[in-house]
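Next comes protein_10.txt, a file with compact mmCIF, C-alpha atoms.
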# COMPACT_ATOMS: atom_id res chain seq x y z
CA MET A 20 3.29 -28.79 -10.26
CA ALA A 21 6.85 -27.70 -9.60
CA GLY A 22 7.77 -24.43 -11.22
CA TRP A 23 4.43 -22.64 -11.52
CA ARG A 24 3.95 -19.34 -9.76
CA THR A 25 1.05 -18.51 -7.46
CA THR A 26 1.34 -14.90 -8.61
CA SER A 27 1.09 -13.15 -11.94
CA ARG A 28 3.15 -10.29 -13.28
CA ARG A 29 0.08 -8.89 -14.98
CA GLN A 30 -1.21 -5.80 -13.17
CA ARG A 31 -4.79 -4.73 -12.74
CA ALA A 32 -5.65 -1.27 -13.99
CA SER A 33 -6.33 1.08 -11.12
CA CYS A 34 -6.97 4.69 -10.17
CA ASN A 35 -7.42 6.07 -13.66
CA SER A 36 -10.56 4.60 -15.20
CA SER A 37 -14.24 5.33 -15.05
CA LYS A 38 -16.49 3.85 -12.42
CA PRO A 39 -19.99 2.46 -12.92
CA THR A 40 -22.44 5.37 -13.02
CA THR A 41 -25.87 3.76 -13.10
CA SER A 42 -26.40 2.43 -9.61
CA HIS A 43 -27.33 4.57 -6.65
CA VAL A 44 -24.93 2.54 -4.51
CA SER A 45 -22.01 3.07 -6.88
CA ARG A 46 -22.49 6.82 -6.72
CA CYS A 47 -21.84 6.86 -2.96
CA THR A 48 -18.16 7.65 -3.23
CA THR A 49 -17.91 10.36 -0.58
CA PRO A 50 -18.92 10.13 3.08
CA THR A 51 -21.44 12.96 2.76
CA GLN A 52 -23.60 11.22 0.18
CA GLN A 53 -26.63 9.31 1.37
CA CYS A 54 -27.35 5.83 0.05
CA SER A 55 -30.89 4.52 -0.11
CA ASN A 56 -31.19 1.13 1.61
CA LEU A 57 -27.46 1.18 2.38
CA PHE A 58 -25.93 0.76 5.83
CA LEU A 59 -22.35 1.93 5.52
CA ALA A 60 -20.74 -0.36 8.08
CA LEU A 61 -17.06 0.31 7.51
CA VAL A 62 -15.08 2.55 5.20
CA THR A 63 -11.47 2.57 4.09
CA VAL A 64 -10.34 5.87 2.58
CA MET A 65 -7.74 5.44 -0.16
CA MET A 66 -5.14 8.10 -0.89
CA PRO A 67 -4.39 8.13 -4.64
CA ASN A 68 -0.88 7.20 -5.69
CA ASN A 69 -0.33 10.61 -7.25
CA LEU A 70 -0.47 12.25 -3.80
CA LEU A 71 2.24 10.12 -2.21
CA GLN A 72 5.13 12.47 -2.96
CA ALA A 73 3.36 15.50 -1.51
CA THR A 74 2.29 13.51 1.56
CA ALA A 75 5.76 12.09 2.12
CA THR A 76 7.55 15.43 1.82
CA SER A 77 5.11 17.71 3.66
CA THR A 78 3.64 17.05 7.09
CA SER A 79 1.32 20.02 6.58
CA PHE A 80 -0.06 18.49 3.38
CA ALA A 81 -0.58 15.16 5.15
CA ALA A 82 -2.40 16.94 7.98
CA TRP A 83 -4.56 18.88 5.51
CA TRP A 84 -5.44 15.73 3.58
CA VAL A 85 -6.39 13.76 6.71
CA GLN A 86 -8.46 16.66 8.02
CA ARG A 87 -10.28 17.11 4.72
CA ASN A 88 -10.84 13.47 3.79
CA VAL A 89 -11.03 11.66 7.13
CA ALA A 90 -11.53 13.80 10.21
CA ALA A 91 -14.23 15.90 8.54
CA TYR A 92 -16.46 12.82 8.26
CA TYR A 93 -15.52 10.86 11.37
CA PRO A 94 -17.23 9.45 13.44
CA SER A 95 -20.53 9.89 11.57
CA THR A 96 -18.92 7.83 8.83
CA LYS A 97 -17.42 4.62 10.20
CA ILE A 98 -13.91 5.04 8.82
CA GLN A 99 -11.65 2.23 10.00
CA ALA A 100 -8.55 2.61 7.85
CA ILE A 101 -6.59 4.71 5.40
CA ALA A 102 -5.00 2.95 2.44
CA VAL A 103 -1.99 5.03 1.46
CA GLY A 104 -1.80 4.35 -2.25
CA ASN A 105 -2.62 1.08 -3.99
CA GLU A 106 -0.10 -1.43 -5.38
CA VAL A 107 2.52 1.32 -5.26
CA PHE A 108 5.40 -0.99 -6.18
CA ALA A 109 3.73 -1.66 -9.52
CA ASP A 110 3.08 2.00 -10.30
CA PRO A 111 5.04 2.97 -13.45
CA THR A 112 5.82 6.43 -11.99
CA ASN A 113 8.19 4.84 -9.43
CA LEU A 114 6.72 6.16 -6.20
CA THR A 115 8.08 3.41 -3.95
CA SER A 116 10.51 5.62 -2.05
CA TYR A 117 7.66 7.88 -0.93
CA LEU A 118 5.41 5.13 0.43
CA VAL A 119 6.61 4.58 4.00
CA PRO A 120 7.32 8.28 4.65
CA ALA A 121 3.79 9.06 3.45
CA MET A 122 2.36 6.43 5.79
CA ILE A 123 4.35 7.89 8.70
CA ASN A 124 3.07 11.41 8.01
CA VAL A 125 -0.53 10.24 7.71
CA GLN A 126 -0.15 8.42 11.03
CA ALA A 127 1.28 11.56 12.64
CA ALA A 128 -1.72 13.52 11.42
CA LEU A 129 -4.07 10.97 12.99
CA VAL A 130 -2.15 11.12 16.28
CA LYS A 131 -2.56 14.92 16.42
CA LEU A 132 -6.30 14.48 15.93
CA ASN A 133 -6.44 11.66 18.50
CA LEU A 134 -7.77 9.30 15.82
CA ASP A 135 -4.84 6.91 15.65
CA LYS A 136 -6.41 4.28 17.92
CA ALA A 137 -9.60 4.08 15.85
CA ILE A 138 -8.21 4.45 12.32
CA LYS A 139 -5.34 2.32 11.03
CA VAL A 140 -2.91 3.14 8.23
CA SER A 141 -1.77 0.56 5.68
CA SER A 142 -1.10 0.19 1.95
CA PRO A 143 -2.28 -2.65 -0.33
CA ILE A 144 0.50 -4.60 -2.03
CA ALA A 145 0.19 -6.81 -5.09
CA LEU A 146 1.57 -10.33 -5.10
CA THR A 147 4.18 -9.17 -7.59
CA ALA A 148 5.98 -7.79 -4.53
CA LEU A 149 7.09 -11.41 -4.05
CA GLN A 150 10.24 -12.69 -5.69
CA SER A 151 9.19 -16.29 -5.07
CA SER A 152 5.81 -17.72 -4.14
CA TYR A 153 5.92 -21.46 -4.88
CA PRO A 154 5.89 -23.40 -2.74
CA PRO A 155 4.43 -21.01 -0.16
CA SER A 156 7.22 -21.81 2.30
CA ALA A 157 9.68 -20.33 -0.22
CA GLY A 158 7.83 -17.02 -0.20
CA ALA A 159 10.19 -14.04 -0.26
CA PHE A 160 9.87 -10.37 -1.13
CA GLN A 161 11.63 -8.93 -4.16
CA SER A 162 15.26 -8.28 -3.27
CA ASP A 163 14.97 -4.59 -4.09
CA LEU A 164 11.94 -4.25 -1.78
CA ALA A 165 12.66 -6.51 1.19
CA GLU A 166 15.04 -4.31 3.16
CA SER A 167 14.41 -0.92 1.61
CA VAL A 168 10.60 -0.88 1.85
CA MET A 169 8.99 -3.99 3.30
CA ARG A 170 11.01 -4.11 6.52
CA PRO A 171 10.31 -0.45 7.43
CA MET A 172 6.68 -0.84 6.37
CA LEU A 173 6.20 -3.94 8.51
CA HIS A 174 7.93 -2.21 11.41
CA PHE A 175 5.49 0.69 11.03
CA LEU A 176 2.52 -1.69 10.94
CA ARG A 177 3.73 -3.49 14.07
CA GLU A 178 4.35 -0.28 15.99
CA THR A 179 0.94 1.16 15.11
CA GLY A 180 -1.05 -2.06 15.57
CA SER A 181 -2.06 -2.08 11.93
CA TYR A 182 -2.02 -4.82 9.30
CA LEU A 183 -0.61 -5.58 5.87
CA MET A 184 -3.14 -5.26 3.05
CA VAL A 185 -2.67 -7.80 0.25
CA ASN A 186 -4.44 -7.91 -3.11
CA ALA A 187 -4.64 -11.60 -4.07
CA TYR A 188 -6.14 -13.01 -7.27
CA PRO A 189 -6.01 -16.78 -7.82
CA PHE A 190 -7.56 -16.11 -11.24
CA PHE A 191 -4.35 -14.57 -12.58
CA ALA A 192 -2.24 -17.53 -11.45
CA TYR A 193 -4.74 -20.03 -12.86
CA GLU A 194 -5.05 -18.17 -16.17
CA ALA A 195 -1.27 -18.21 -16.63
CA ASN A 196 -0.77 -21.81 -15.45
CA SER A 197 -4.01 -23.64 -16.27
CA ASN A 198 -2.11 -26.71 -17.44
CA ASP A 199 -0.49 -27.07 -14.02
CA ILE A 200 -3.04 -25.66 -11.56
CA SER A 201 -6.28 -27.52 -10.93
CA LEU A 202 -9.41 -25.42 -11.42
CA ASP A 203 -10.88 -26.96 -8.27
CA TYR A 204 -7.78 -25.84 -6.36
CA ALA A 205 -8.08 -22.31 -7.77
CA LEU A 206 -11.79 -22.11 -6.89
CA SER A 207 -11.37 -23.71 -3.44
CA ARG A 208 -13.57 -26.64 -4.37
CA PRO A 209 -12.84 -30.14 -3.02
CA ASN A 210 -9.52 -31.33 -4.42
CA ALA A 211 -6.60 -33.63 -3.64
CA GLY A 212 -4.50 -30.78 -2.28
CA VAL A 213 -0.96 -29.62 -2.99
CA LEU A 214 1.82 -30.60 -0.58
CA ASP A 215 4.40 -27.97 0.30
CA GLN A 216 7.53 -30.09 0.65
CA GLY A 217 9.31 -27.32 2.52
CA SER A 218 6.78 -26.97 5.34
CA GLY A 219 4.97 -30.31 5.17
CA LEU A 220 1.65 -28.43 4.94
CA THR A 221 -1.00 -29.39 2.44
CA TYR A 222 -2.94 -26.66 0.62
CA TYR A 223 -6.45 -27.08 -0.72
CA SER A 224 -6.89 -23.48 -1.83
CA LEU A 225 -4.74 -21.39 -4.14
CA LEU A 226 -5.79 -18.29 -2.20
CA ASP A 227 -4.36 -19.83 0.97
CA ALA A 228 -1.12 -20.59 -0.87
CA GLN A 229 -0.87 -17.00 -2.08
CA ILE A 230 -1.52 -15.51 1.36
CA ASP A 231 0.86 -17.91 3.08
CA ALA A 232 3.57 -17.06 0.55
CA VAL A 233 3.27 -13.48 1.83
CA ALA A 234 3.25 -14.74 5.42
CA TYR A 235 6.47 -16.70 4.84
CA ALA A 236 8.05 -13.62 3.25
CA MET A 237 7.09 -11.68 6.39
CA SER A 238 8.53 -14.46 8.55
CA ALA A 239 11.87 -14.12 6.77
CA LEU A 240 11.94 -10.53 8.02
CA LYS A 241 10.82 -11.58 11.54
CA TYR A 242 7.35 -10.02 11.36
CA ASP A 243 5.13 -13.02 12.01
CA ASP A 244 3.00 -10.99 14.41
CA VAL A 245 1.67 -8.55 11.81
CA ARG A 246 -1.80 -9.48 10.57
CA ILE A 247 -2.69 -9.87 6.91
CA VAL A 248 -5.90 -8.48 5.45
CA ILE A 249 -7.02 -9.53 1.97
CA SER A 250 -7.78 -6.08 0.61
CA GLU A 251 -8.86 -7.32 -2.82
CA THR A 252 -9.83 -10.67 -4.23
CA GLY A 253 -12.27 -11.71 -6.91
CA TRP A 254 -12.88 -13.65 -10.10
CA PRO A 255 -14.12 -12.23 -13.43
CA SER A 256 -17.46 -13.39 -14.84
CA ALA A 257 -16.37 -12.76 -18.44
CA GLY A 258 -13.11 -12.43 -20.32
CA ASP A 259 -11.38 -12.50 -23.67
CA ALA A 260 -10.81 -15.80 -25.47
CA ASN A 261 -7.32 -16.12 -23.97
CA GLU A 262 -8.47 -15.37 -20.42
CA ILE A 263 -8.93 -18.97 -19.39
CA GLY A 264 -11.51 -19.58 -16.69
CA ALA A 265 -13.15 -16.16 -16.81
CA ASN A 266 -16.86 -16.97 -16.78
CA VAL A 267 -19.96 -16.60 -14.66
CA MET A 268 -19.89 -20.13 -13.31
CA ASN A 269 -16.36 -19.88 -12.00
CA ALA A 270 -16.91 -16.41 -10.58
CA ALA A 271 -19.96 -17.62 -8.67
CA ALA A 272 -18.06 -20.67 -7.43
CA TYR A 273 -15.03 -18.68 -6.25
CA ILE A 274 -16.98 -15.95 -4.48
CA GLY A 275 -19.56 -18.40 -3.09
CA ASN A 276 -16.94 -20.75 -1.68
CA LEU A 277 -15.03 -17.86 -0.13
CA ILE A 278 -18.13 -16.40 1.51
CA ARG A 279 -19.21 -19.77 2.90
CA ARG A 280 -15.74 -20.31 4.28
CA VAL A 281 -15.59 -16.95 6.01
CA VAL A 282 -19.08 -17.04 7.50
CA SER A 283 -18.35 -20.50 8.84
CA GLY A 284 -15.38 -19.08 10.75
CA THR A 285 -12.74 -21.24 9.04
CA CYS A 286 -10.69 -18.47 7.47
CA GLY A 287 -7.28 -19.36 8.84
CA THR A 288 -4.56 -20.59 6.47
CA PRO A 289 -2.30 -23.64 6.90
CA LYS A 290 0.52 -21.41 8.20
CA ARG A 291 -1.78 -19.23 10.32
CA PRO A 292 -4.68 -21.54 11.19
CA ASP A 293 -5.92 -19.50 14.14
CA CYS A 294 -5.96 -16.10 12.46
CA ASN A 295 -9.29 -14.50 11.67
CA MET A 296 -8.74 -12.73 8.40
CA ASP A 297 -10.72 -9.84 6.97
CA VAL A 298 -11.60 -10.48 3.33
CA TYR A 299 -12.70 -7.76 0.94
CA LEU A 300 -14.30 -8.74 -2.34
CA PHE A 301 -13.53 -7.01 -5.60
CA ALA A 302 -15.97 -5.83 -6.74
CA LEU A 303 -19.53 -4.80 -6.08
CA PHE A 304 -20.17 -3.56 -9.61
CA ASN A 305 -18.89 -4.28 -13.09
CA GLU A 306 -16.78 -1.29 -14.11
CA ASN A 307 -18.27 -1.11 -17.58
CA GLN A 308 -16.16 1.83 -18.76
CA LYS A 309 -12.83 0.44 -17.58
CA PRO A 310 -10.11 -0.04 -20.22
CA GLY A 311 -8.03 -3.15 -20.69
CA PRO A 312 -8.96 -6.83 -21.15
CA THR A 313 -12.63 -7.84 -20.97
CA SER A 314 -12.09 -9.35 -17.53
CA GLU A 315 -11.34 -5.91 -16.09
CA ARG A 316 -14.94 -4.86 -16.75
CA ASN A 317 -16.46 -7.99 -15.26
CA TYR A 318 -15.36 -8.50 -11.65
CA GLY A 319 -18.59 -7.22 -10.15
CA MET A 320 -21.36 -9.12 -8.43
CA PHE A 321 -23.77 -6.53 -9.81
CA TYR A 322 -24.29 -4.91 -13.18
CA PRO A 323 -24.32 -1.11 -13.13
CA ASN A 324 -28.14 -1.24 -13.31
CA GLU A 325 -28.18 -3.10 -9.96
CA GLN A 326 -29.07 -6.52 -11.36
CA LYS A 327 -26.95 -9.28 -9.90
CA VAL A 328 -24.52 -11.16 -12.09
CA TYR A 329 -24.87 -14.40 -10.11
CA ASP A 330 -26.39 -15.76 -6.90
CA VAL A 331 -24.38 -15.99 -3.71
CA ASP A 332 -25.66 -16.99 -0.27
CA PHE A 333 -24.54 -14.85 2.66
CA VAL A 334 -25.76 -17.21 5.37
CA LEU A 335 -24.93 -20.81 6.07
CA GLY A 336 -27.46 -23.50 5.34
CA ASN A 337 -28.96 -22.05 2.17
CA SER A 338 -28.60 -23.86 -1.10
CA ASN A 339 -26.76 -21.71 -3.60
CA SER A 340 -28.87 -21.11 -6.68
CA SER A 341 -27.37 -22.00 -10.03
CA THR A 342 -29.20 -19.18 -11.77
CA THR A 343 -26.96 -16.51 -13.25
CA LYS A 344 -27.50 -13.43 -15.36
CA ASN A 345 -25.70 -13.09 -18.65
CA ASN A 346 -24.51 -9.76 -19.99
CA ASN A 347 -27.86 -9.19 -21.63
CA GLY A 348 -29.63 -9.49 -18.30
CA ASN A 349 -31.25 -12.83 -19.18
CA SER A 350 -31.38 -15.80 -16.84
CA ASN A 351 -29.36 -18.92 -17.57
CA SER A 352 -29.26 -22.22 -15.74
CA THR A 353 -25.76 -23.63 -15.36
CA LYS A 354 -24.78 -27.09 -14.21
CA ASN A 355 -21.02 -27.34 -14.23
CA ASN A 356 -17.97 -25.20 -13.59
CA ASN A 357 -15.35 -26.26 -16.09
CA GLY A 358 -12.58 -23.81 -16.75
CA ASN A 359 -13.27 -22.93 -20.38
CA SER A 360 -16.94 -23.34 -21.13
CA ASN A 361 -19.58 -20.77 -20.26
CA ASN A 362 -23.22 -21.26 -21.09
CA SER A 363 -23.88 -17.56 -20.53
CA SER A 364 -23.48 -15.29 -23.52
CA SER A 365 -21.03 -12.45 -22.96
CA SER A 366 -20.68 -9.09 -24.62
CA GLY A 367 -17.68 -8.25 -22.46
CA SER A 368 -18.99 -4.77 -21.78
CA GLY A 369 -19.74 -5.25 -18.09
CA ASP A 370 -23.26 -3.95 -18.78
CA ALA A 371 -26.58 -5.76 -18.54
CA GLY A 372 -27.24 -4.94 -22.18
CA SER A 373 -30.87 -4.35 -23.02
CA SER A 374 -32.07 -4.90 -19.47
CA ASN A 375 -34.12 -1.99 -18.12
CA GLY A 376 -32.72 -2.30 -14.61
CA THR A 377 -35.99 -3.46 -13.07
CA GLY A 378 -34.95 -7.06 -12.66
CA GLU A 379 -33.98 -8.88 -9.50
CA THR A 380 -31.59 -6.96 -7.26
CA TRP A 381 -29.81 -7.79 -4.01
CA CYS A 382 -30.57 -6.23 -0.69
CA VAL A 383 -27.45 -5.59 1.35
CA ALA A 384 -26.06 -4.55 4.68
CA ASP A 385 -28.19 -5.53 7.64
CA PRO A 386 -26.78 -3.59 10.62
CA SER A 387 -28.34 -6.10 13.02
CA ALA A 388 -26.43 -8.97 11.46
CA VAL A 389 -22.91 -7.87 12.27
CA LEU A 390 -20.21 -10.18 10.99
CA ASP A 391 -16.73 -9.19 12.09
CA VAL A 392 -14.65 -11.19 9.67
CA PHE A 393 -16.32 -10.47 6.37
CA SER A 394 -17.29 -7.40 4.45
CA PHE A 395 -17.56 -6.19 0.89
CA LEU A 396 -14.99 -3.83 -0.46
CA TRP A 397 -15.46 -1.80 -3.58
CA PHE A 398 -12.36 0.02 -4.76
CA THR A 399 -13.63 2.91 -6.84
CA SER A 400 -11.41 3.74 -9.78
CA SER A 401 -12.39 7.39 -9.85
CA VAL A 402 -9.56 9.82 -9.15
CA ARG A 403 -11.98 12.04 -7.22
CA GLU A 404 -11.08 12.41 -3.55
CA PRO A 405 -11.64 10.75 -1.28
CA SER A 406 -11.76 7.42 -3.07
CA LEU A 407 -13.66 5.27 -0.63
CA ASN A 408 -13.93 1.55 -0.30
CA HIS A 409 -17.42 0.85 0.89
CA ALA A 410 -17.53 -2.07 3.28
CA LEU A 411 -21.00 -3.51 3.49
CA ARG A 412 -22.26 -6.18 5.85
CA ARG A 413 -24.67 -9.06 5.49
CA GLU A 414 -27.49 -9.40 3.04
CA MET A 415 -30.75 -7.76 4.09
CA CYS A 416 -34.10 -7.18 2.41
CA GLN A 417 -36.27 -4.36 3.67

Write out the structure in this file as structure tokens.
Amino acid sequence: MAGWRTTSRRQRASCNSSKPTTSHVSRCTTPTQQCSNLFLALVTVMMPNNLLQATATSTSFAAWWVQRNVAAYYPSTKIQAIAVGNEVFADPTNLTSYLVPAMINVQAALVKLNLDKAIKVSSPIALTALQSSYPPSAGAFQSDLAESVMRPMLHFLRETGSYLMVNAYPFFAYEANSNDISLDYALSRPNAGVLDQGSGLTYYSLLDAQIDAVAYAMSALKYDDVRIVISETGWPSAGDANEIGANVMNAAAYIGNLIRRVVSGTCGTPKRPDCNMDVYLFALFNENQKPGPTSERNYGMFYPNEQKVYDVDFVLGNSNSSTTKNNNGNSNSTKNNNGNSNNSSSSGSGDAGSSNGTGETWCVADPSAVLDVFSFLWFTSSVREPSLNHALRREMCQ
């Protein structure tokens, strides 16, 4: 397996495409909106990339933005964090130099409002911030980012008691290296494991390898004490012909295995075995109007009409159903999870086709079943402010 990367240079479209519009849950993109049958457990407010320059260069603008988009809704809305931009290093408008100053000004605004203890400031990075990622022990940040951006960012996170947000997608690495990476390894199914010769640690999950590559890059800068939060991860349920492994079966396996792992309390990685790690799933809904490859419209666990794409258990001890919904809203029974076949038909639209939206839906977010280490995250791709990531808790039927 020597030579393959655990990251991909391909970037996910963000911040400029349409969001699903059919579901009542997907419309809840501002704190003032009420969601039927929805307990909004935790919220992360995301500042769009196009506001970084103004925030970095004007403390008054940062204060205005925090007052308008955060303080105005807190504490009635359970806002726990502000994500200053998203994958800024990959933004073609070259906003990197504004990132840390913007984070500092947002933090200063929170301090003035006495909200800095309750609300943390961070910024999600893509794995393309790494110059090397295989084996994980060789993880290192890009040379043009390590000292100029990552060191001051990590210092800020340490000083404020915050955490590094990381968007990690094993799918991209598997798609680009399917001849070298085992599908079982990518999906965190039982496998022989991959030995990191540098550390002597054996990895049984590509997600672990990706996260530990970031952890080793942080170690090289002497910031082992800063936590990592997985701010996005997911697997597409449909894709183009060249998007190897993008199908309903693999999506259900990846998300199901990750949920079972987190609810069981075994979410540490080989490098950080004792760390409880927050994991946010991308995404709640298929973004059926999103441009780009077919996979970009098919990361959701729900169709826009609220039908579920596949079954996932949110409690231990339940047998995970093999029933999935295809893109026409019809039920299909699936038996295996090979990387290329998919028994479900796929239109690639992210919609449930002719379905009338009255089919089986999930109930979500039981406030009495609090689970500290796992929540849903939906990154809306609307440019409307504030763009909120809705963190929902355990499954509940009322």

With the cut-off set at 8 Å and counting all atoms listed in the file, tabulate each residue of region 188-268 of chain A with an atom at most that distance from an atom of region 169-175 of chain A, showing the nearest atom pair and its distance in Å to one decimal, ordered by chain and increasing number, as a Markdown table.
| residue | atom | partner | partner_atom | distance |
| --- | --- | --- | --- | --- |
| A:Leu240 | CA | A:Arg170 | CA | 6.7 |
| A:Tyr242 | CA | A:Leu173 | CA | 6.8 |
| A:Val245 | CA | A:Leu173 | CA | 7.3 |

> Which residues, written as number ranges by chain, have at least one atom at most 10 Å from Val213 (chain A), with only C-alpha atoms counted and residues fewer than 5 positions away on the same chain left out?
Replying inline: A: 20, 154, 200-201, 204, 220-225, 228

> Restricting the calculation to all atoms listed in the file, which member of A:Gly253, A:Leu277, A:Ala157, A:Arg177 is positioned closest to Ala239 (chain A)?
Replying inline: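 Closest candidate: A:Ala157.
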
> Pick from A:Thr76, A:Pro255, A:Asp163, A:Arg291: nearest to Glu306 (chain A), with only C-alpha atoms counted?
Replying inline: A:Pro255

> Taking (4.9, 6.5, -8.5) in the file's coordinates, which residues come within 12 Å, counting only C-alpha atoms, written as a list in words?
Replying inline: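 Output: Pro67, Asn68, Asn69, Leu70, Leu71, Gln72, Ala73, Gly104, Asn105, Glu106, Val107, Phe108, Ala109, Asp110, Pro111, Thr112, Asn113, Leu114, Thr115, Ser116, Tyr117 and Leu118 of chain A.
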
>> Rounded to one decimal, what separation in Å do you get between CA of Arg87 (chain A) and CA of Leu134 (chain A)?
In response: 13.8 Å

Emit region 265-272 of chain A of the structure in the block as a file comprising all heavy atoms, as a PDB file, in the first residue's frame.
ATOM      1  N   ALA A 265     -19.436   4.794  -4.717  1.00  0.00           N
ATOM      2  CA  ALA A 265     -20.540   5.672  -4.326  1.00  0.00           C
ATOM      3  C   ALA A 265     -21.865   4.965  -4.566  1.00  0.00           C
ATOM      4  O   ALA A 265     -22.393   4.973  -5.675  1.00  0.00           O
ATOM      5  CB  ALA A 265     -20.478   6.981  -5.112  1.00  0.00           C
ATOM      6  N   ASN A 266     -22.403   4.331  -3.540  1.00  0.00           N
ATOM      7  CA  ASN A 266     -23.695   3.668  -3.650  1.00  0.00           C
ATOM      8  C   ASN A 266     -24.353   3.573  -2.281  1.00  0.00           C
ATOM      9  O   ASN A 266     -23.729   3.848  -1.252  1.00  0.00           O
ATOM     10  CB  ASN A 266     -23.563   2.295  -4.317  1.00  0.00           C
ATOM     11  CG  ASN A 266     -22.674   1.338  -3.553  1.00  0.00           C
ATOM     12  OD1 ASN A 266     -22.900   1.061  -2.371  1.00  0.00           O
ATOM     13  ND2 ASN A 266     -21.634   0.823  -4.218  1.00  0.00           N
ATOM     14  N   VAL A 267     -25.611   3.208  -2.295  1.00  0.00           N
ATOM     15  CA  VAL A 267     -26.404   3.187  -1.071  1.00  0.00           C
ATOM     16  C   VAL A 267     -25.832   2.213  -0.045  1.00  0.00           C
ATOM     17  O   VAL A 267     -25.772   2.507   1.153  1.00  0.00           O
ATOM     18  CB  VAL A 267     -27.872   2.829  -1.393  1.00  0.00           C
ATOM     19  CG1 VAL A 267     -28.667   2.609  -0.109  1.00  0.00           C
ATOM     20  CG2 VAL A 267     -28.522   3.941  -2.206  1.00  0.00           C
ATOM     21  N   MET A 268     -25.424   1.048  -0.512  1.00  0.00           N
ATOM     22  CA  MET A 268     -24.929   0.031   0.415  1.00  0.00           C
ATOM     23  C   MET A 268     -23.704   0.514   1.170  1.00  0.00           C
ATOM     24  O   MET A 268     -23.587   0.342   2.388  1.00  0.00           O
ATOM     25  CB  MET A 268     -24.619  -1.257  -0.349  1.00  0.00           C
ATOM     26  CG  MET A 268     -25.845  -1.905  -0.970  1.00  0.00           C
ATOM     27  SD  MET A 268     -25.424  -3.367  -1.948  1.00  0.00           S
ATOM     28  CE  MET A 268     -24.611  -2.624  -3.360  1.00  0.00           C
ATOM     29  N   ASN A 269     -22.765   1.119   0.464  1.00  0.00           N
ATOM     30  CA  ASN A 269     -21.555   1.587   1.113  1.00  0.00           C
ATOM     31  C   ASN A 269     -21.821   2.783   2.023  1.00  0.00           C
ATOM     32  O   ASN A 269     -21.211   2.911   3.086  1.00  0.00           O
ATOM     33  CB  ASN A 269     -20.498   1.944   0.065  1.00  0.00           C
ATOM     34  CG  ASN A 269     -19.960   0.721  -0.650  1.00  0.00           C
ATOM     35  OD1 ASN A 269     -20.085  -0.399  -0.169  1.00  0.00           O
ATOM     36  ND2 ASN A 269     -19.365   0.937  -1.817  1.00  0.00           N
ATOM     37  N   ALA A 270     -22.718   3.651   1.598  1.00  0.00           N
ATOM     38  CA  ALA A 270     -23.077   4.790   2.450  1.00  0.00           C
ATOM     39  C   ALA A 270     -23.677   4.311   3.763  1.00  0.00           C
ATOM     40  O   ALA A 270     -23.325   4.792   4.847  1.00  0.00           O
ATOM     41  CB  ALA A 270     -24.048   5.713   1.709  1.00  0.00           C
ATOM     42  N   ALA A 271     -24.599   3.356   3.677  1.00  0.00           N
ATOM     43  CA  ALA A 271     -25.220   2.819   4.887  1.00  0.00           C
ATOM     44  C   ALA A 271     -24.189   2.133   5.772  1.00  0.00           C
ATOM     45  O   ALA A 271     -24.232   2.248   7.007  1.00  0.00           O
ATOM     46  CB  ALA A 271     -26.333   1.849   4.514  1.00  0.00           C
ATOM     47  N   ALA A 272     -23.247   1.414   5.152  1.00  0.00           N
ATOM     48  CA  ALA A 272     -22.220   0.723   5.930  1.00  0.00           C
ATOM     49  C   ALA A 272     -21.306   1.719   6.636  1.00  0.00           C
ATOM     50  O   ALA A 272     -21.004   1.577   7.820  1.00  0.00           O
ATOM     51  CB  ALA A 272     -21.408  -0.194   5.021  1.00  0.00           C
TER      52      ALA A 272
END
